[in-house]
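*Asks:* model_25.txt (compact mmCIF, N, CA and C atoms) pasted underneath:
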```txt
# COMPACT_ATOMS: atom_id res chain seq x y z
N MET S 1 -20.33 20.55 11.98
CA MET S 1 -19.60 19.36 11.63
C MET S 1 -19.88 19.03 10.17
N ALA S 2 -18.83 18.74 9.44
CA ALA S 2 -18.96 18.31 8.05
C ALA S 2 -18.72 16.81 8.03
N GLY S 3 -18.35 16.28 6.88
CA GLY S 3 -17.88 14.91 6.87
C GLY S 3 -18.70 13.97 6.04
N GLY S 4 -18.36 12.71 6.20
CA GLY S 4 -18.99 11.67 5.44
C GLY S 4 -17.93 10.80 4.80
N SER S 5 -18.37 9.98 3.89
CA SER S 5 -17.47 9.05 3.22
C SER S 5 -17.53 9.28 1.72
N VAL S 6 -16.36 9.32 1.09
CA VAL S 6 -16.28 9.46 -0.36
C VAL S 6 -15.58 8.23 -0.89
N ALA S 7 -16.26 7.48 -1.74
CA ALA S 7 -15.69 6.30 -2.37
C ALA S 7 -15.28 6.66 -3.79
N LEU S 8 -13.99 6.58 -4.05
CA LEU S 8 -13.46 6.88 -5.38
C LEU S 8 -13.32 5.58 -6.16
N SER S 9 -13.92 5.52 -7.32
CA SER S 9 -13.86 4.32 -8.14
C SER S 9 -12.50 4.22 -8.84
N GLU S 10 -12.30 3.15 -9.57
CA GLU S 10 -11.10 3.01 -10.39
C GLU S 10 -11.11 4.10 -11.45
N GLY S 11 -9.93 4.55 -11.84
CA GLY S 11 -9.83 5.53 -12.91
C GLY S 11 -8.93 6.68 -12.53
N THR S 12 -8.73 7.57 -13.49
CA THR S 12 -7.92 8.77 -13.29
C THR S 12 -8.85 9.97 -13.26
N PHE S 13 -8.76 10.75 -12.19
CA PHE S 13 -9.58 11.94 -12.01
C PHE S 13 -8.68 13.16 -12.20
N ASN S 14 -8.96 13.99 -13.19
CA ASN S 14 -8.18 15.19 -13.44
C ASN S 14 -8.67 16.30 -12.53
N ILE S 15 -7.74 16.83 -11.72
CA ILE S 15 -8.06 17.84 -10.72
C ILE S 15 -7.61 19.20 -11.25
N ALA S 16 -8.56 20.10 -11.51
CA ALA S 16 -8.25 21.41 -12.06
C ALA S 16 -8.13 22.49 -10.98
N ALA S 17 -8.65 22.23 -9.79
CA ALA S 17 -8.58 23.18 -8.66
C ALA S 17 -8.44 22.36 -7.38
N SER S 18 -7.88 22.97 -6.37
CA SER S 18 -7.67 22.26 -5.10
C SER S 18 -8.98 21.71 -4.55
N VAL S 19 -8.88 20.52 -3.97
CA VAL S 19 -10.01 19.91 -3.27
C VAL S 19 -9.78 20.18 -1.78
N THR S 20 -10.72 20.89 -1.14
CA THR S 20 -10.58 21.23 0.27
C THR S 20 -11.19 20.13 1.14
N LEU S 21 -10.35 19.56 2.00
CA LEU S 21 -10.78 18.50 2.90
C LEU S 21 -11.63 19.08 4.02
N LYS S 22 -12.60 18.31 4.48
CA LYS S 22 -13.50 18.72 5.57
C LYS S 22 -13.33 17.79 6.76
N ASN S 23 -13.73 18.23 7.92
CA ASN S 23 -13.67 17.42 9.13
C ASN S 23 -14.52 16.16 9.00
N TYR S 24 -14.09 15.10 9.69
CA TYR S 24 -14.83 13.84 9.75
C TYR S 24 -15.06 13.25 8.36
N LEU S 25 -14.03 13.28 7.54
CA LEU S 25 -14.11 12.80 6.16
C LEU S 25 -13.28 11.53 5.99
N ALA S 26 -13.85 10.55 5.32
CA ALA S 26 -13.11 9.37 4.90
C ALA S 26 -13.16 9.32 3.38
N MET S 27 -11.99 9.43 2.74
CA MET S 27 -11.89 9.37 1.28
C MET S 27 -11.11 8.11 0.93
N ARG S 28 -11.78 7.17 0.25
CA ARG S 28 -11.16 5.88 -0.04
C ARG S 28 -11.24 5.57 -1.52
N GLY S 29 -10.08 5.17 -2.06
CA GLY S 29 -10.02 4.76 -3.45
C GLY S 29 -10.03 3.25 -3.58
N ALA S 30 -9.88 2.78 -4.82
CA ALA S 30 -9.87 1.34 -5.12
C ALA S 30 -8.47 0.76 -5.05
N GLY S 31 -7.46 1.62 -4.83
CA GLY S 31 -6.08 1.16 -4.71
C GLY S 31 -5.12 2.12 -5.40
N SER S 32 -3.91 2.17 -4.88
CA SER S 32 -2.87 3.01 -5.48
C SER S 32 -2.55 2.46 -6.86
N GLY S 33 -2.50 3.32 -7.85
CA GLY S 33 -2.28 2.89 -9.22
C GLY S 33 -3.58 2.52 -9.92
N THR S 34 -4.64 2.39 -9.15
CA THR S 34 -5.97 2.07 -9.70
C THR S 34 -6.87 3.29 -9.65
N THR S 35 -6.83 4.01 -8.53
CA THR S 35 -7.53 5.29 -8.38
C THR S 35 -6.46 6.37 -8.34
N ILE S 36 -6.51 7.29 -9.30
CA ILE S 36 -5.46 8.31 -9.42
C ILE S 36 -6.10 9.70 -9.46
N LEU S 37 -5.65 10.57 -8.56
CA LEU S 37 -6.01 11.99 -8.61
C LEU S 37 -4.85 12.69 -9.29
N LYS S 38 -5.05 13.17 -10.50
CA LYS S 38 -3.96 13.77 -11.29
C LYS S 38 -4.25 15.24 -11.51
N LEU S 39 -3.27 16.08 -11.17
CA LEU S 39 -3.40 17.51 -11.37
C LEU S 39 -3.44 17.82 -12.87
N ALA S 40 -4.44 18.57 -13.28
CA ALA S 40 -4.59 18.94 -14.69
C ALA S 40 -3.43 19.81 -15.15
N ASN S 41 -3.13 19.78 -16.43
CA ASN S 41 -2.08 20.62 -16.99
C ASN S 41 -2.32 22.08 -16.64
N ALA S 42 -1.26 22.77 -16.20
CA ALA S 42 -1.27 24.21 -15.88
C ALA S 42 -2.22 24.59 -14.75
N ALA S 43 -2.61 23.65 -13.91
CA ALA S 43 -3.47 23.99 -12.76
C ALA S 43 -2.67 24.75 -11.70
N ASN S 44 -1.39 24.40 -11.53
CA ASN S 44 -0.48 25.14 -10.64
C ASN S 44 -1.04 25.35 -9.24
N THR S 45 -1.51 24.29 -8.60
CA THR S 45 -2.12 24.41 -7.28
C THR S 45 -1.88 23.15 -6.47
N HIS S 46 -2.30 23.15 -5.21
CA HIS S 46 -2.28 21.95 -4.38
C HIS S 46 -3.40 21.03 -4.85
N ILE S 47 -3.25 19.73 -4.59
CA ILE S 47 -4.32 18.80 -4.97
C ILE S 47 -5.33 18.66 -3.84
N LEU S 48 -4.91 18.18 -2.68
CA LEU S 48 -5.78 18.11 -1.50
C LEU S 48 -5.27 19.11 -0.48
N THR S 49 -6.16 19.89 0.11
CA THR S 49 -5.73 20.92 1.05
C THR S 49 -6.79 21.11 2.14
N SER S 50 -6.45 21.92 3.13
CA SER S 50 -7.39 22.27 4.19
C SER S 50 -7.66 23.77 4.12
N ALA S 51 -8.63 24.22 4.91
CA ALA S 51 -8.99 25.64 4.90
C ALA S 51 -7.95 26.50 5.60
N GLY S 52 -7.32 25.97 6.69
CA GLY S 52 -6.33 26.75 7.44
C GLY S 52 -6.98 27.86 8.24
N GLY S 53 -6.17 28.78 8.73
CA GLY S 53 -6.66 29.88 9.55
C GLY S 53 -7.22 29.35 10.86
N ALA S 54 -8.40 29.81 11.24
CA ALA S 54 -9.02 29.37 12.49
C ALA S 54 -9.62 27.97 12.37
N ALA S 55 -9.77 27.47 11.14
CA ALA S 55 -10.38 26.16 10.92
C ALA S 55 -9.39 25.04 11.24
N GLN S 56 -9.78 24.20 12.19
CA GLN S 56 -8.99 23.04 12.57
C GLN S 56 -9.47 21.86 11.72
N LEU S 57 -8.54 21.07 11.17
CA LEU S 57 -8.91 19.87 10.41
C LEU S 57 -8.77 18.67 11.34
N ILE S 58 -9.86 17.93 11.53
CA ILE S 58 -9.83 16.78 12.45
C ILE S 58 -10.54 15.57 11.84
N TYR S 59 -10.06 14.40 12.23
CA TYR S 59 -10.64 13.12 11.85
C TYR S 59 -10.81 12.97 10.34
N VAL S 60 -9.69 12.95 9.65
CA VAL S 60 -9.68 12.75 8.20
C VAL S 60 -8.90 11.49 7.88
N GLU S 61 -9.48 10.63 7.08
CA GLU S 61 -8.82 9.41 6.62
C GLU S 61 -8.73 9.44 5.10
N LEU S 62 -7.51 9.30 4.60
CA LEU S 62 -7.25 9.21 3.16
C LEU S 62 -6.66 7.83 2.91
N GLU S 63 -7.24 7.08 1.99
CA GLU S 63 -6.87 5.68 1.89
C GLU S 63 -6.97 5.13 0.46
N ASN S 64 -5.93 4.38 0.07
CA ASN S 64 -5.94 3.55 -1.14
C ASN S 64 -6.12 4.32 -2.45
N PHE S 65 -5.29 5.34 -2.67
CA PHE S 65 -5.28 6.01 -3.96
C PHE S 65 -3.92 6.65 -4.20
N GLU S 66 -3.75 7.14 -5.40
CA GLU S 66 -2.50 7.78 -5.83
C GLU S 66 -2.79 9.24 -6.15
N ILE S 67 -1.83 10.09 -5.79
CA ILE S 67 -1.87 11.51 -6.16
C ILE S 67 -0.72 11.77 -7.09
N ASN S 68 -1.01 12.26 -8.28
CA ASN S 68 0.02 12.56 -9.28
C ASN S 68 -0.03 14.06 -9.55
N GLY S 69 1.04 14.77 -9.15
CA GLY S 69 1.09 16.22 -9.31
C GLY S 69 1.39 16.70 -10.71
N ASN S 70 1.68 15.78 -11.64
CA ASN S 70 1.88 16.15 -13.05
C ASN S 70 2.88 17.30 -13.19
N LYS S 71 4.00 17.17 -12.47
CA LYS S 71 5.00 18.24 -12.36
C LYS S 71 5.47 18.77 -13.72
N ALA S 72 5.63 17.92 -14.69
CA ALA S 72 6.15 18.33 -15.99
C ALA S 72 5.24 19.33 -16.69
N ASN S 73 3.97 19.38 -16.29
CA ASN S 73 3.01 20.27 -16.94
C ASN S 73 2.51 21.39 -16.03
N GLN S 74 3.35 21.75 -15.01
CA GLN S 74 3.05 22.87 -14.11
C GLN S 74 4.18 23.88 -14.22
N THR S 75 3.88 25.16 -14.06
CA THR S 75 4.93 26.19 -14.11
C THR S 75 5.24 26.77 -12.73
N THR S 76 4.40 26.47 -11.76
CA THR S 76 4.63 26.89 -10.38
C THR S 76 4.05 25.83 -9.47
N GLY S 77 4.25 26.02 -8.18
CA GLY S 77 4.09 24.88 -7.31
C GLY S 77 2.86 24.71 -6.49
N GLY S 78 2.64 23.46 -6.25
CA GLY S 78 1.63 23.01 -5.31
C GLY S 78 2.11 21.71 -4.69
N ASP S 79 1.48 21.35 -3.58
CA ASP S 79 1.78 20.10 -2.90
C ASP S 79 0.71 19.07 -3.26
N GLY S 80 1.05 17.80 -3.09
CA GLY S 80 0.04 16.77 -3.26
C GLY S 80 -1.01 16.86 -2.17
N ILE S 81 -0.56 16.86 -0.92
CA ILE S 81 -1.43 17.05 0.24
C ILE S 81 -0.85 18.20 1.05
N TYR S 82 -1.62 19.25 1.26
CA TYR S 82 -1.16 20.39 2.04
C TYR S 82 -2.19 20.71 3.12
N ILE S 83 -1.84 20.39 4.37
CA ILE S 83 -2.68 20.74 5.51
C ILE S 83 -2.10 22.03 6.08
N LEU S 84 -2.83 23.12 5.90
CA LEU S 84 -2.36 24.45 6.29
C LEU S 84 -2.30 24.63 7.79
N PRO S 85 -1.48 25.59 8.23
CA PRO S 85 -1.43 25.91 9.66
C PRO S 85 -2.80 26.41 10.13
N THR S 86 -3.08 26.17 11.41
CA THR S 86 -4.32 26.65 12.00
C THR S 86 -3.99 27.49 13.23
N THR S 87 -4.83 28.47 13.49
CA THR S 87 -4.66 29.27 14.70
C THR S 87 -5.37 28.63 15.89
N ASN S 88 -6.08 27.53 15.64
CA ASN S 88 -6.75 26.80 16.72
C ASN S 88 -5.68 26.22 17.64
N ALA S 89 -5.83 26.44 18.95
CA ALA S 89 -4.81 26.00 19.92
C ALA S 89 -4.59 24.49 19.92
N ASN S 90 -5.58 23.73 19.48
CA ASN S 90 -5.46 22.27 19.46
C ASN S 90 -4.79 21.74 18.19
N GLY S 91 -4.55 22.60 17.22
CA GLY S 91 -3.91 22.17 15.98
C GLY S 91 -4.80 21.24 15.16
N ASN S 92 -4.26 20.77 14.05
CA ASN S 92 -4.94 19.77 13.24
C ASN S 92 -4.75 18.43 13.95
N ASN S 93 -5.74 17.54 13.87
CA ASN S 93 -5.70 16.37 14.72
C ASN S 93 -6.35 15.15 14.05
N ASN S 94 -5.76 13.99 14.31
CA ASN S 94 -6.29 12.71 13.83
C ASN S 94 -6.42 12.67 12.31
N ILE S 95 -5.29 12.84 11.65
CA ILE S 95 -5.21 12.70 10.20
C ILE S 95 -4.55 11.35 9.93
N HIS S 96 -5.19 10.51 9.15
CA HIS S 96 -4.67 9.18 8.84
C HIS S 96 -4.49 9.02 7.34
N LEU S 97 -3.30 8.60 6.94
CA LEU S 97 -3.02 8.27 5.54
C LEU S 97 -2.70 6.78 5.48
N ARG S 98 -3.40 6.06 4.63
CA ARG S 98 -3.18 4.61 4.52
C ARG S 98 -3.07 4.25 3.04
N ASN S 99 -1.89 3.71 2.69
CA ASN S 99 -1.66 3.26 1.31
C ASN S 99 -1.93 4.35 0.28
N VAL S 100 -1.39 5.54 0.55
CA VAL S 100 -1.51 6.66 -0.38
C VAL S 100 -0.13 6.89 -1.00
N LYS S 101 -0.08 6.91 -2.31
CA LYS S 101 1.15 7.19 -3.04
C LYS S 101 1.07 8.60 -3.61
N VAL S 102 2.13 9.41 -3.37
CA VAL S 102 2.16 10.80 -3.84
C VAL S 102 3.42 10.99 -4.66
N LEU S 103 3.26 11.39 -5.92
CA LEU S 103 4.43 11.54 -6.78
C LEU S 103 4.28 12.72 -7.72
N SER S 104 5.41 13.16 -8.22
CA SER S 104 5.51 14.15 -9.28
C SER S 104 4.82 15.48 -8.97
N CYS S 105 4.93 15.93 -7.71
CA CYS S 105 4.37 17.23 -7.33
C CYS S 105 5.44 18.31 -7.49
N TYR S 106 5.03 19.50 -7.86
CA TYR S 106 5.98 20.59 -8.10
C TYR S 106 6.73 20.95 -6.82
N ARG S 107 6.05 20.90 -5.68
CA ARG S 107 6.70 21.19 -4.40
C ARG S 107 6.77 19.91 -3.57
N HIS S 108 6.10 19.87 -2.46
CA HIS S 108 6.15 18.72 -1.57
C HIS S 108 5.09 17.69 -1.93
N GLY S 109 5.40 16.43 -1.68
CA GLY S 109 4.38 15.40 -1.82
C GLY S 109 3.35 15.56 -0.72
N ILE S 110 3.84 15.62 0.52
CA ILE S 110 2.98 15.79 1.70
C ILE S 110 3.56 16.92 2.55
N ASN S 111 2.74 17.92 2.86
CA ASN S 111 3.16 19.06 3.66
C ASN S 111 2.07 19.31 4.70
N ILE S 112 2.33 18.89 5.95
CA ILE S 112 1.33 18.99 7.00
C ILE S 112 1.88 19.85 8.13
N GLU S 113 1.15 20.91 8.48
CA GLU S 113 1.59 21.84 9.52
C GLU S 113 0.62 21.81 10.71
N ASP S 114 1.14 22.17 11.88
CA ASP S 114 0.35 22.24 13.12
C ASP S 114 -0.44 20.96 13.36
N ILE S 115 0.27 19.85 13.42
CA ILE S 115 -0.41 18.56 13.57
C ILE S 115 -0.17 17.98 14.96
N ASN S 116 -1.21 17.49 15.59
CA ASN S 116 -1.09 16.83 16.89
C ASN S 116 -1.09 15.32 16.76
N SER S 117 -1.81 14.78 15.79
CA SER S 117 -1.87 13.33 15.63
C SER S 117 -1.94 13.00 14.14
N LEU S 118 -0.86 12.42 13.64
CA LEU S 118 -0.78 12.00 12.25
C LEU S 118 -0.35 10.55 12.22
N ARG S 119 -1.06 9.72 11.48
CA ARG S 119 -0.69 8.32 11.33
C ARG S 119 -0.57 8.00 9.86
N ILE S 120 0.56 7.40 9.50
CA ILE S 120 0.79 6.99 8.11
C ILE S 120 1.04 5.50 8.10
N PHE S 121 0.23 4.78 7.34
CA PHE S 121 0.35 3.34 7.21
C PHE S 121 0.62 3.02 5.75
N GLY S 122 1.80 2.47 5.46
CA GLY S 122 2.12 2.16 4.06
C GLY S 122 2.22 3.42 3.23
N GLY S 123 2.20 3.26 1.95
CA GLY S 123 2.25 4.41 1.04
C GLY S 123 3.68 4.84 0.75
N THR S 124 3.82 5.68 -0.27
CA THR S 124 5.12 6.21 -0.66
C THR S 124 4.96 7.63 -1.18
N THR S 125 6.07 8.34 -1.17
CA THR S 125 6.12 9.67 -1.80
C THR S 125 7.47 9.81 -2.48
N TYR S 126 7.48 10.20 -3.75
CA TYR S 126 8.75 10.30 -4.48
C TYR S 126 8.59 11.20 -5.71
N GLN S 127 9.74 11.61 -6.24
CA GLN S 127 9.86 12.47 -7.42
C GLN S 127 9.08 13.78 -7.24
N ASN S 128 9.10 14.32 -6.01
CA ASN S 128 8.46 15.59 -5.72
C ASN S 128 9.52 16.67 -5.56
N GLY S 129 9.08 17.93 -5.76
CA GLY S 129 10.00 19.06 -5.54
C GLY S 129 10.96 19.31 -6.66
```
Rewrite the coordinates I just gave you, this time as structure tokens.

*Replies:*
Amino acid sequence: MAGGSVALSEGTFNIAASVTLKNYLAMRGAGSGTTILKLANAANTHILTSAGGAAQLIYVELENFEINGNKANQTTGGDGIYILPTTNANGNNNIHLRNVKVLSCYRHGINIEDINSLRIFGGTTYQNG
């Protein structure tokens, strides 16, 4: 079992490589427009992702931050949030997004596969793809 709580302070965090989400994780920012995860220029990758394959992603909460894919400065695509398919028969489960804004991603803002329980409260996604 992995997990824990990550508190993101106010500010813009430049993401140069994908951040892989772990089971039993709560990632909370100070607010959309206040805490920003911004893809670095020419990173050309997903911002938040899962391991996929046999690894099932369960009990993840993402809350109160913005994801900016910086599309104008990418030459190929990534998603803001990409939960990969799993070969686990139970699929990915109990993923919660609350007040997360996803914008300007080269591909999808949110791309979640093999999901059994997904809850989205508030938030927006736009200017993606």

*Asks:* Please indicate the distance in Å from atom CA of Ser104 of chain S to atom CA of Asn14 of chain S, rounded to one decimal place.

*Replies:*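 Computing it gives 14.3 Å between the two atoms.
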
*Asks:* Just list as a compact mmCIF listing (two decimals) with N, CA and C atoms, in the frame of the given file whatever in chain S DSSP marks as strand (DSSP E or B).

*Replies:*
```
# COMPACT_ATOMS: atom_id res chain seq x y z
N GLY S 4 -18.36 12.71 6.20
CA GLY S 4 -18.99 11.67 5.44
C GLY S 4 -17.93 10.80 4.80
N SER S 5 -18.37 9.98 3.89
CA SER S 5 -17.47 9.05 3.22
C SER S 5 -17.53 9.28 1.72
N VAL S 6 -16.36 9.32 1.09
CA VAL S 6 -16.28 9.46 -0.36
C VAL S 6 -15.58 8.23 -0.89
N ALA S 7 -16.26 7.48 -1.74
CA ALA S 7 -15.69 6.30 -2.37
C ALA S 7 -15.28 6.66 -3.79
N GLY S 11 -9.93 4.55 -11.84
CA GLY S 11 -9.83 5.53 -12.91
C GLY S 11 -8.93 6.68 -12.53
N THR S 12 -8.73 7.57 -13.49
CA THR S 12 -7.92 8.77 -13.29
C THR S 12 -8.85 9.97 -13.26
N PHE S 13 -8.76 10.75 -12.19
CA PHE S 13 -9.58 11.94 -12.01
C PHE S 13 -8.68 13.16 -12.20
N ASN S 14 -8.96 13.99 -13.19
CA ASN S 14 -8.18 15.19 -13.44
C ASN S 14 -8.67 16.30 -12.53
N ILE S 15 -7.74 16.83 -11.72
CA ILE S 15 -8.06 17.84 -10.72
C ILE S 15 -7.61 19.20 -11.25
N VAL S 19 -8.88 20.52 -3.97
CA VAL S 19 -10.01 19.91 -3.27
C VAL S 19 -9.78 20.18 -1.78
N THR S 20 -10.72 20.89 -1.14
CA THR S 20 -10.58 21.23 0.27
C THR S 20 -11.19 20.13 1.14
N LEU S 25 -14.03 13.28 7.54
CA LEU S 25 -14.11 12.80 6.16
C LEU S 25 -13.28 11.53 5.99
N ALA S 26 -13.85 10.55 5.32
CA ALA S 26 -13.11 9.37 4.90
C ALA S 26 -13.16 9.32 3.38
N MET S 27 -11.99 9.43 2.74
CA MET S 27 -11.89 9.37 1.28
C MET S 27 -11.11 8.11 0.93
N ARG S 28 -11.78 7.17 0.25
CA ARG S 28 -11.16 5.88 -0.04
C ARG S 28 -11.24 5.57 -1.52
N SER S 32 -3.91 2.17 -4.88
CA SER S 32 -2.87 3.01 -5.48
C SER S 32 -2.55 2.46 -6.86
N THR S 35 -6.83 4.01 -8.53
CA THR S 35 -7.53 5.29 -8.38
C THR S 35 -6.46 6.37 -8.34
N ILE S 36 -6.51 7.29 -9.30
CA ILE S 36 -5.46 8.31 -9.42
C ILE S 36 -6.10 9.70 -9.46
N LEU S 37 -5.65 10.57 -8.56
CA LEU S 37 -6.01 11.99 -8.61
C LEU S 37 -4.85 12.69 -9.29
N LYS S 38 -5.05 13.17 -10.50
CA LYS S 38 -3.96 13.77 -11.29
C LYS S 38 -4.25 15.24 -11.51
N LEU S 39 -3.27 16.08 -11.17
CA LEU S 39 -3.40 17.51 -11.37
C LEU S 39 -3.44 17.82 -12.87
N LEU S 48 -4.91 18.18 -2.68
CA LEU S 48 -5.78 18.11 -1.50
C LEU S 48 -5.27 19.11 -0.48
N THR S 49 -6.16 19.89 0.11
CA THR S 49 -5.73 20.92 1.05
C THR S 49 -6.79 21.11 2.14
N GLY S 53 -6.17 28.78 8.73
CA GLY S 53 -6.66 29.88 9.55
C GLY S 53 -7.22 29.35 10.86
N ILE S 58 -9.86 17.93 11.53
CA ILE S 58 -9.83 16.78 12.45
C ILE S 58 -10.54 15.57 11.84
N TYR S 59 -10.06 14.40 12.23
CA TYR S 59 -10.64 13.12 11.85
C TYR S 59 -10.81 12.97 10.34
N VAL S 60 -9.69 12.95 9.65
CA VAL S 60 -9.68 12.75 8.20
C VAL S 60 -8.90 11.49 7.88
N GLU S 61 -9.48 10.63 7.08
CA GLU S 61 -8.82 9.41 6.62
C GLU S 61 -8.73 9.44 5.10
N LEU S 62 -7.51 9.30 4.60
CA LEU S 62 -7.25 9.21 3.16
C LEU S 62 -6.66 7.83 2.91
N GLU S 63 -7.24 7.08 1.99
CA GLU S 63 -6.87 5.68 1.89
C GLU S 63 -6.97 5.13 0.46
N ASN S 64 -5.93 4.38 0.07
CA ASN S 64 -5.94 3.55 -1.14
C ASN S 64 -6.12 4.32 -2.45
N PHE S 65 -5.29 5.34 -2.67
CA PHE S 65 -5.28 6.01 -3.96
C PHE S 65 -3.92 6.65 -4.20
N GLU S 66 -3.75 7.14 -5.40
CA GLU S 66 -2.50 7.78 -5.83
C GLU S 66 -2.79 9.24 -6.15
N ILE S 67 -1.83 10.09 -5.79
CA ILE S 67 -1.87 11.51 -6.16
C ILE S 67 -0.72 11.77 -7.09
N ASN S 68 -1.01 12.26 -8.28
CA ASN S 68 0.02 12.56 -9.28
C ASN S 68 -0.03 14.06 -9.55
N ILE S 81 -0.56 16.86 -0.92
CA ILE S 81 -1.43 17.05 0.24
C ILE S 81 -0.85 18.20 1.05
N TYR S 82 -1.62 19.25 1.26
CA TYR S 82 -1.16 20.39 2.04
C TYR S 82 -2.19 20.71 3.12
N ILE S 83 -1.84 20.39 4.37
CA ILE S 83 -2.68 20.74 5.51
C ILE S 83 -2.10 22.03 6.08
N THR S 86 -3.08 26.17 11.41
CA THR S 86 -4.32 26.65 12.00
C THR S 86 -3.99 27.49 13.23
N ASN S 92 -4.26 20.77 14.05
CA ASN S 92 -4.94 19.77 13.24
C ASN S 92 -4.75 18.43 13.95
N ASN S 93 -5.74 17.54 13.87
CA ASN S 93 -5.70 16.37 14.72
C ASN S 93 -6.35 15.15 14.05
N ASN S 94 -5.76 13.99 14.31
CA ASN S 94 -6.29 12.71 13.83
C ASN S 94 -6.42 12.67 12.31
N ILE S 95 -5.29 12.84 11.65
CA ILE S 95 -5.21 12.70 10.20
C ILE S 95 -4.55 11.35 9.93
N HIS S 96 -5.19 10.51 9.15
CA HIS S 96 -4.67 9.18 8.84
C HIS S 96 -4.49 9.02 7.34
N LEU S 97 -3.30 8.60 6.94
CA LEU S 97 -3.02 8.27 5.54
C LEU S 97 -2.70 6.78 5.48
N ARG S 98 -3.40 6.06 4.63
CA ARG S 98 -3.18 4.61 4.52
C ARG S 98 -3.07 4.25 3.04
N ASN S 99 -1.89 3.71 2.69
CA ASN S 99 -1.66 3.26 1.31
C ASN S 99 -1.93 4.35 0.28
N VAL S 100 -1.39 5.54 0.55
CA VAL S 100 -1.51 6.66 -0.38
C VAL S 100 -0.13 6.89 -1.00
N LYS S 101 -0.08 6.91 -2.31
CA LYS S 101 1.15 7.19 -3.04
C LYS S 101 1.07 8.60 -3.61
N VAL S 102 2.13 9.41 -3.37
CA VAL S 102 2.16 10.80 -3.84
C VAL S 102 3.42 10.99 -4.66
N LEU S 103 3.26 11.39 -5.92
CA LEU S 103 4.43 11.54 -6.78
C LEU S 103 4.28 12.72 -7.72
N ILE S 110 3.84 15.62 0.52
CA ILE S 110 2.98 15.79 1.70
C ILE S 110 3.56 16.92 2.55
N ASN S 111 2.74 17.92 2.86
CA ASN S 111 3.16 19.06 3.66
C ASN S 111 2.07 19.31 4.70
N ILE S 112 2.33 18.89 5.95
CA ILE S 112 1.33 18.99 7.00
C ILE S 112 1.88 19.85 8.13
N ILE S 115 0.27 19.85 13.42
CA ILE S 115 -0.41 18.56 13.57
C ILE S 115 -0.17 17.98 14.96
N LEU S 118 -0.86 12.42 13.64
CA LEU S 118 -0.78 12.00 12.25
C LEU S 118 -0.35 10.55 12.22
N ARG S 119 -1.06 9.72 11.48
CA ARG S 119 -0.69 8.32 11.33
C ARG S 119 -0.57 8.00 9.86
N ILE S 120 0.56 7.40 9.50
CA ILE S 120 0.79 6.99 8.11
C ILE S 120 1.04 5.50 8.10
N PHE S 121 0.23 4.78 7.34
CA PHE S 121 0.35 3.34 7.21
C PHE S 121 0.62 3.02 5.75
N THR S 124 3.82 5.68 -0.27
CA THR S 124 5.12 6.21 -0.66
C THR S 124 4.96 7.63 -1.18
N THR S 125 6.07 8.34 -1.17
CA THR S 125 6.12 9.67 -1.80
C THR S 125 7.47 9.81 -2.48
N TYR S 126 7.48 10.20 -3.75
CA TYR S 126 8.75 10.30 -4.48
C TYR S 126 8.59 11.20 -5.71
```

*Asks:* Every residue with an atom at most 10 Å from (-11.7, 16.3, 11.1) (file coordinates; only C-alpha atoms) is what I'm after, so could you write them as a ChimeraX atom specification?

*Replies:* /S:1-3,21-26,55-61,92-95

*Asks:* Taking only residues of segment 33-102 of chain S that have an atom at most 5 Å from an atom of segment 118-126 of chain S, what is each one's shortest atom pair and its distance in Å to one decimal, using all atoms listed in the file, in chain and number order, as a Markdown table?

*Replies:*
```
| residue | atom | partner | partner_atom | distance |
| --- | --- | --- | --- | --- |
| S:Ile95 | C | S:Arg119 | N | 4.2 |
| S:His96 | CA | S:Arg119 | C | 4.4 |
| S:Leu97 | C | S:Phe121 | N | 4.0 |
| S:Arg98 | CA | S:Phe121 | C | 4.3 |
| S:Asn99 | CA | S:Gly123 | N | 3.9 |
| S:Val100 | N | S:Gly123 | CA | 3.8 |
| S:Lys101 | CA | S:Thr124 | N | 4.1 |
| S:Val102 | N | S:Thr124 | C | 4.0 |
```

*Asks:* Could you name the residues that touch Asn73 of chain S at 6.5 Å or less, counting only N, CA and C atoms, but leaving out those on the same chain fewer than 2 positions away, as an MDAnalysis selection string?

*Replies:* chainID S and resid 40:43 70:71 75

*Asks:* Dump N, CA and C atoms for the selected residues as a PDB file, in the frame of the given file?

*Replies:*
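File result_10.pdb, as written:
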```
ATOM      1  N   ALA S  40      -4.440  18.570 -13.280  1.00  0.00           N
ATOM      2  CA  ALA S  40      -4.590  18.940 -14.690  1.00  0.00           C
ATOM      3  C   ALA S  40      -3.430  19.810 -15.150  1.00  0.00           C
ATOM      4  N   ASN S  41      -3.130  19.780 -16.430  1.00  0.00           N
ATOM      5  CA  ASN S  41      -2.080  20.620 -16.990  1.00  0.00           C
ATOM      6  C   ASN S  41      -2.320  22.080 -16.640  1.00  0.00           C
ATOM      7  N   ALA S  42      -1.260  22.770 -16.200  1.00  0.00           N
ATOM      8  CA  ALA S  42      -1.270  24.210 -15.880  1.00  0.00           C
ATOM      9  C   ALA S  42      -2.220  24.590 -14.750  1.00  0.00           C
ATOM     10  N   ALA S  43      -2.610  23.650 -13.910  1.00  0.00           N
ATOM     11  CA  ALA S  43      -3.470  23.990 -12.760  1.00  0.00           C
ATOM     12  C   ALA S  43      -2.670  24.750 -11.700  1.00  0.00           C
ATOM     13  N   ASN S  70       1.680  15.780 -11.640  1.00  0.00           N
ATOM     14  CA  ASN S  70       1.880  16.150 -13.050  1.00  0.00           C
ATOM     15  C   ASN S  70       2.880  17.300 -13.190  1.00  0.00           C
ATOM     16  N   LYS S  71       4.000  17.170 -12.470  1.00  0.00           N
ATOM     17  CA  LYS S  71       5.000  18.240 -12.360  1.00  0.00           C
ATOM     18  C   LYS S  71       5.470  18.770 -13.720  1.00  0.00           C
ATOM     19  N   THR S  75       3.880  25.160 -14.060  1.00  0.00           N
ATOM     20  CA  THR S  75       4.930  26.190 -14.110  1.00  0.00           C
ATOM     21  C   THR S  75       5.240  26.770 -12.730  1.00  0.00           C
TER      22      THR S  75
END
```

*Asks:* Mind pulling up the distance from atom CA of Thr87 of chain S to atom CA of Gly109 of chain S?

*Replies:*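 Answer for the atom CA of Gly109 of chain S to atom CA of Thr87 of chain S separation: 23.4 Å.
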